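**Q** Can you read through this structure? Questions will come right after.
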Amino acid sequence: MLTVRAPATSANLGSGFDVFGVALSGPADVLRVEKATRTTLTVVGSGSQYIPEDPKKNTVGAVVDELDAPARIRIDKGVRPASGLGSSAASAAGAAVALNELYDRGYSREELVPVAAKGEAVATGEAHKDNVAPSLLGGFTIVADGCVTTMESDLSFVVCLPDVVVSTSNARKVLPDGARLDELVETVGNASTLTAGIARDDPYLVGRGMSDPVITPARASLIDGYETVHNRAVEAGAAGVTVSGSGPGVIAVCPDGLQRRVAAAMVGGFEDCGVDARAYQTGVGEGAQIVRNERNSE
Ligand SMILES: Nc1ncnc2c1ncn2[C@@H]1O[C@H](COP(=O)(O)OP(=O)(O)O)[C@@H](O)[C@H]1O
Ligand SMILES: N[C@@H](CCOP(=O)(O)O)C(=O)O
């Protein structure tokens, strides 16, 4: 039996739609996995009542198929589904790491990215890799043209999660079909600024790059209170604020010492709009880890 902790992630960061992602130090899914002749799933924890235990409908089932590795799997959800925190990806990444180890498949973490992305296709219909890459590799990741680049970072974030649900598949349907040239120029500029900020561990540069004129405005309209929460976070000292993944989570990058104030301001902003919310004071974290290995006692 293996126990794996796979972290939540925040994709896009405004200017990096389907490209940027960051592993968060918390929350996380915890998976207990053991070999079996046929695959069975149990799901407990945050939002587990909305997650199918049928392997064909769960992201981990696709990973089992990809690795030809049947198993008995118990998922303890720390990452609520439909949160914008890579919930479906965390389970897929955790399963990929556990099954690769249990069945001695020998894949590197980079090679597991497309494997875990098959799980994302189960959840959203599209095998986007910007959540599974950081959940597997940790740090800040750039997925472009089939290649994954990783950068370490020490930045601090607050992620505020309202008590509403936005599914990634619905949030992809509201996106426009195309963008104008000036929007493209603005997005490339912001994405470049953000990447430079990550390289320098500079929250102000990252914050300046954390917006885009096409994707974020379309998604923000699905989140009641977004404008208020955005403004409150900035007033409290956040260096940048945007929709986390496809929402409804909202992520703020924070200069040192301001996390608590920003978290309170964001929760208060949602509450003033009649929406319950909780905040995670978090930072850039590591990729999925095997936290317990009982293979030798099998
Ligand atoms: N292991 C899993 N963990 C979370 N969600 C899952 C899992 N397997 C299937 N799903 C489905 O995926 C959807 C949630 O995925 P998604 O909308 O991408 O949420 P998030 O933005 O938090 O990743 C839900 O419909 C959920 O039932
Ligand atoms: N690039 C994807 C990311 C979805 O992230 P999630 O955490 O909401 O699953 C998108 O923006 O659709």
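Chain labels follow the order of the structure tokens: the first chain is A, the next B, and so on; residue numbering restarts at 1 in every chain, and ligands are counted from 1 in their shown order.
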Please provide the set of residues having any atom within 7 Å of A:Ala117, restricted to only C-alpha atoms, with same-chain residues fewer than 5 positions apart removed, written as JSON, numbers by chain.
**A** {"A": [127, 128, 129, 132]}
**Q** Excluding A:Ala62 and its own-chain neighbours fewer than 2 positions away, which residues fall within 8 Å of it when counting only C-alpha atoms? Please give them as a ChimeraX atom specification.
**A** /A:55-56,58-60,64-66,116,118-119,122
**Q** Applying 8 Å and only C-alpha atoms, which residues near A:Arg219 remain after dropping the ones on its own chain fewer than 6 positions away? List them as a list in words.
**A**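 With the cut-off at 8 Å, the set is Ala171, Val174, Leu175, Val243, Ser246 and Gly247 of chain A.
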**Q** Do a neighbour search on A:Arg74 at 9 Å with only C-alpha atoms, toss out local chain neighbours closer than 5 positions, and write the hits as number ranges by chain.
**A** A: 30-33, 40-44
**Q** What's the 9 Å shell around A:Phe140, counting only C-alpha atoms, without same-chain residues fewer than 4 positions away, as a PyMOL selection string?
**A** chain A and resi 20-23+134+149-153+198+284-285
**Q** How would the residues just picked look written out with N, CA and C atoms as a PDB file, in the first residue's frame?
**A**
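Output (part.pdb):
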ATOM      1  N   PHE A  20       0.293  28.345 -17.898  1.00  0.00           N
ATOM      2  CA  PHE A  20       0.924  28.499 -16.577  1.00  0.00           C
ATOM      3  C   PHE A  20       0.173  27.706 -15.507  1.00  0.00           C
ATOM      4  N   GLY A  21       0.942  27.220 -14.537  1.00  0.00           N
ATOM      5  CA  GLY A  21       0.329  26.600 -13.359  1.00  0.00           C
ATOM      6  C   GLY A  21       1.306  26.685 -12.202  1.00  0.00           C
ATOM      7  N   VAL A  22       0.758  26.643 -10.993  1.00  0.00           N
ATOM      8  CA  VAL A  22       1.625  26.680  -9.820  1.00  0.00           C
ATOM      9  C   VAL A  22       1.106  25.674  -8.799  1.00  0.00           C
ATOM     10  N   ALA A  23       2.053  24.883  -8.235  1.00  0.00           N
ATOM     11  CA  ALA A  23       1.679  23.952  -7.157  1.00  0.00           C
ATOM     12  C   ALA A  23       1.547  24.754  -5.878  1.00  0.00           C
ATOM     13  N   PRO A 134       2.006  21.049 -12.608  1.00  0.00           N
ATOM     14  CA  PRO A 134       2.524  21.466 -11.292  1.00  0.00           C
ATOM     15  C   PRO A 134       2.201  20.474 -10.179  1.00  0.00           C
ATOM     16  N   THR A 149       8.262  23.207 -18.685  1.00  0.00           N
ATOM     17  CA  THR A 149       9.397  23.863 -18.027  1.00  0.00           C
ATOM     18  C   THR A 149       8.995  24.179 -16.591  1.00  0.00           C
ATOM     19  N   THR A 150       9.908  23.921 -15.655  1.00  0.00           N
ATOM     20  CA  THR A 150       9.607  24.158 -14.235  1.00  0.00           C
ATOM     21  C   THR A 150      10.523  25.236 -13.674  1.00  0.00           C
ATOM     22  N   MET A 151       9.966  26.107 -12.841  1.00  0.00           N
ATOM     23  CA  MET A 151      10.780  27.106 -12.138  1.00  0.00           C
ATOM     24  C   MET A 151      10.420  27.070 -10.661  1.00  0.00           C
ATOM     25  N   GLU A 152      11.428  27.141  -9.810  1.00  0.00           N
ATOM     26  CA  GLU A 152      11.156  27.201  -8.376  1.00  0.00           C
ATOM     27  C   GLU A 152      10.724  28.610  -8.003  1.00  0.00           C
ATOM     28  N   SER A 153      10.010  28.717  -6.899  1.00  0.00           N
ATOM     29  CA  SER A 153       9.572  30.036  -6.444  1.00  0.00           C
ATOM     30  C   SER A 153       9.251  29.965  -4.960  1.00  0.00           C
ATOM     31  N   ILE A 198       8.501  35.595 -11.541  1.00  0.00           N
ATOM     32  CA  ILE A 198       8.755  34.295 -10.909  1.00  0.00           C
ATOM     33  C   ILE A 198      10.274  34.086 -10.795  1.00  0.00           C
ATOM     34  N   VAL A 284       3.962  28.629  -2.904  1.00  0.00           N
ATOM     35  CA  VAL A 284       4.354  27.667  -3.935  1.00  0.00           C
ATOM     36  C   VAL A 284       4.864  26.411  -3.227  1.00  0.00           C
ATOM     37  N   GLY A 285       4.386  25.263  -3.667  1.00  0.00           N
ATOM     38  CA  GLY A 285       4.736  24.010  -2.989  1.00  0.00           C
ATOM     39  C   GLY A 285       5.408  23.003  -3.899  1.00  0.00           C
TER      40      GLY A 285
END
**Q** Residues within 10 Å of ligand 2, counting only C-alpha atoms and all ligand atoms: report them as a ChimeraX atom specification.
**A** /A:8-14,16-21,79,81-90,120,123-124,126-132,166-173,175,215-216,219,243-249
**Q** Counting only C-alpha atoms and all ligand atoms, figure out which residue out of A:Leu137, A:Ala264, A:Val165, A:Leu155 gets nearest to ligand 1.
**A**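 When distances to ligand 1 are compared using only C-alpha atoms and all ligand atoms, the smallest one comes from A:Val165.
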**Q** If I take atom CA of A:Gly274 and atom CA of A:Val164, how far is one from the other in Å, to one decimal?
**A**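 Atom CA of A:Val164 lies 11.2 Å from atom CA of A:Gly274.
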**Q** Residues at most 12 Å from A:Pro255, counting only C-alpha atoms, excluding those fewer than 2 positions away in the same chain, as a ChimeraX atom specification?
**A** /A:154-158,201-207,233-234,236-240,252-253,257-262,283
**Q** For the selection just defined, write its residues with N, CA and C atoms to a file, as an mmCIF file, in the first residue's frame.
**A**
data_model
loop_
_atom_site.group_PDB
_atom_site.id
_atom_site.type_symbol
_atom_site.label_atom_id
_atom_site.label_comp_id
_atom_site.auth_asym_id
_atom_site.auth_seq_id
_atom_site.Cartn_x
_atom_site.Cartn_y
_atom_site.Cartn_z
ATOM 1 N N ASP A 154 9.376 31.110 -4.288
ATOM 2 C CA ASP A 154 9.053 31.189 -2.858
ATOM 3 C C ASP A 154 7.860 32.093 -2.602
ATOM 4 N N LEU A 155 7.098 32.397 -3.642
ATOM 5 C CA LEU A 155 6.036 33.402 -3.482
ATOM 6 C C LEU A 155 4.910 32.935 -2.570
ATOM 7 N N SER A 156 4.243 33.899 -1.952
ATOM 8 C CA SER A 156 3.096 33.624 -1.078
ATOM 9 C C SER A 156 1.802 34.021 -1.785
ATOM 10 N N PHE A 157 0.784 33.215 -1.566
ATOM 11 C CA PHE A 157 -0.525 33.478 -2.169
ATOM 12 C C PHE A 157 -1.621 33.369 -1.123
ATOM 13 N N VAL A 158 -2.753 34.013 -1.421
ATOM 14 C CA VAL A 158 -4.008 33.694 -0.746
ATOM 15 C C VAL A 158 -4.958 33.207 -1.826
ATOM 16 N N ASP A 201 11.468 36.083 -7.968
ATOM 17 C CA ASP A 201 10.672 36.010 -6.736
ATOM 18 C C ASP A 201 10.158 37.397 -6.345
ATOM 19 N N ASP A 202 9.627 38.108 -7.325
ATOM 20 C CA ASP A 202 9.160 39.479 -7.111
ATOM 21 C C ASP A 202 7.626 39.504 -7.217
ATOM 22 N N PRO A 203 6.913 39.591 -6.070
ATOM 23 C CA PRO A 203 5.447 39.527 -6.140
ATOM 24 C C PRO A 203 4.833 40.673 -6.940
ATOM 25 N N TYR A 204 5.517 41.838 -6.975
ATOM 26 C CA TYR A 204 4.921 42.971 -7.690
ATOM 27 C C TYR A 204 4.961 42.752 -9.204
ATOM 28 N N LEU A 205 6.068 42.184 -9.705
ATOM 29 C CA LEU A 205 6.126 41.864 -11.145
ATOM 30 C C LEU A 205 5.122 40.778 -11.487
ATOM 31 N N VAL A 206 5.052 39.743 -10.632
ATOM 32 C CA VAL A 206 4.090 38.661 -10.877
ATOM 33 C C VAL A 206 2.677 39.249 -10.899
ATOM 34 N N GLY A 207 2.390 40.101 -9.915
ATOM 35 C CA GLY A 207 1.055 40.698 -9.835
ATOM 36 C C GLY A 207 0.708 41.519 -11.066
ATOM 37 N N ALA A 233 -8.891 42.910 -2.072
ATOM 38 C CA ALA A 233 -7.562 42.292 -1.941
ATOM 39 C C ALA A 233 -6.472 43.311 -2.277
ATOM 40 N N VAL A 234 -6.703 44.084 -3.332
ATOM 41 C CA VAL A 234 -5.708 45.094 -3.729
ATOM 42 C C VAL A 234 -5.579 46.169 -2.630
ATOM 43 N N ALA A 236 -6.009 45.769 0.424
ATOM 44 C CA ALA A 236 -5.335 45.176 1.597
ATOM 45 C C ALA A 236 -3.850 44.914 1.331
ATOM 46 N N GLY A 237 -3.403 45.182 0.091
ATOM 47 C CA GLY A 237 -1.973 45.075 -0.195
ATOM 48 C C GLY A 237 -1.567 43.967 -1.143
ATOM 49 N N ALA A 238 -2.531 43.217 -1.710
ATOM 50 C CA ALA A 238 -2.162 42.176 -2.680
ATOM 51 C C ALA A 238 -1.478 42.821 -3.881
ATOM 52 N N ALA A 239 -0.482 42.125 -4.423
ATOM 53 C CA ALA A 239 0.252 42.672 -5.566
ATOM 54 C C ALA A 239 -0.439 42.353 -6.886
ATOM 55 N N GLY A 240 -1.341 41.381 -6.876
ATOM 56 C CA GLY A 240 -2.088 41.025 -8.085
ATOM 57 C C GLY A 240 -3.164 40.027 -7.713
ATOM 58 N N ALA A 252 -4.656 35.596 -5.036
ATOM 59 C CA ALA A 252 -3.933 36.865 -4.886
ATOM 60 C C ALA A 252 -2.482 36.553 -4.546
ATOM 61 N N VAL A 253 -1.545 37.232 -5.205
ATOM 62 C CA VAL A 253 -0.134 37.099 -4.841
ATOM 63 C C VAL A 253 0.167 38.182 -3.802
ATOM 64 N N GLY A 257 4.254 39.139 4.714
ATOM 65 C CA GLY A 257 3.601 39.707 5.897
ATOM 66 C C GLY A 257 2.172 40.166 5.688
ATOM 67 N N LEU A 258 1.663 40.101 4.445
ATOM 68 C CA LEU A 258 0.318 40.648 4.200
ATOM 69 C C LEU A 258 -0.752 39.580 3.992
ATOM 70 N N GLN A 259 -0.357 38.302 4.061
ATOM 71 C CA GLN A 259 -1.317 37.239 3.733
ATOM 72 C C GLN A 259 -2.572 37.291 4.599
ATOM 73 N N ARG A 260 -2.380 37.428 5.914
ATOM 74 C CA ARG A 260 -3.535 37.371 6.810
ATOM 75 C C ARG A 260 -4.527 38.498 6.499
ATOM 76 N N ARG A 261 -3.969 39.713 6.265
ATOM 77 C CA ARG A 261 -4.832 40.867 5.985
ATOM 78 C C ARG A 261 -5.587 40.680 4.661
ATOM 79 N N VAL A 262 -4.858 40.184 3.662
ATOM 80 C CA VAL A 262 -5.486 39.977 2.345
ATOM 81 C C VAL A 262 -6.562 38.895 2.435
ATOM 82 N N GLY A 283 1.357 28.982 -0.393
ATOM 83 C CA GLY A 283 2.521 29.443 -1.149
ATOM 84 C C GLY A 283 2.845 28.423 -2.223
#
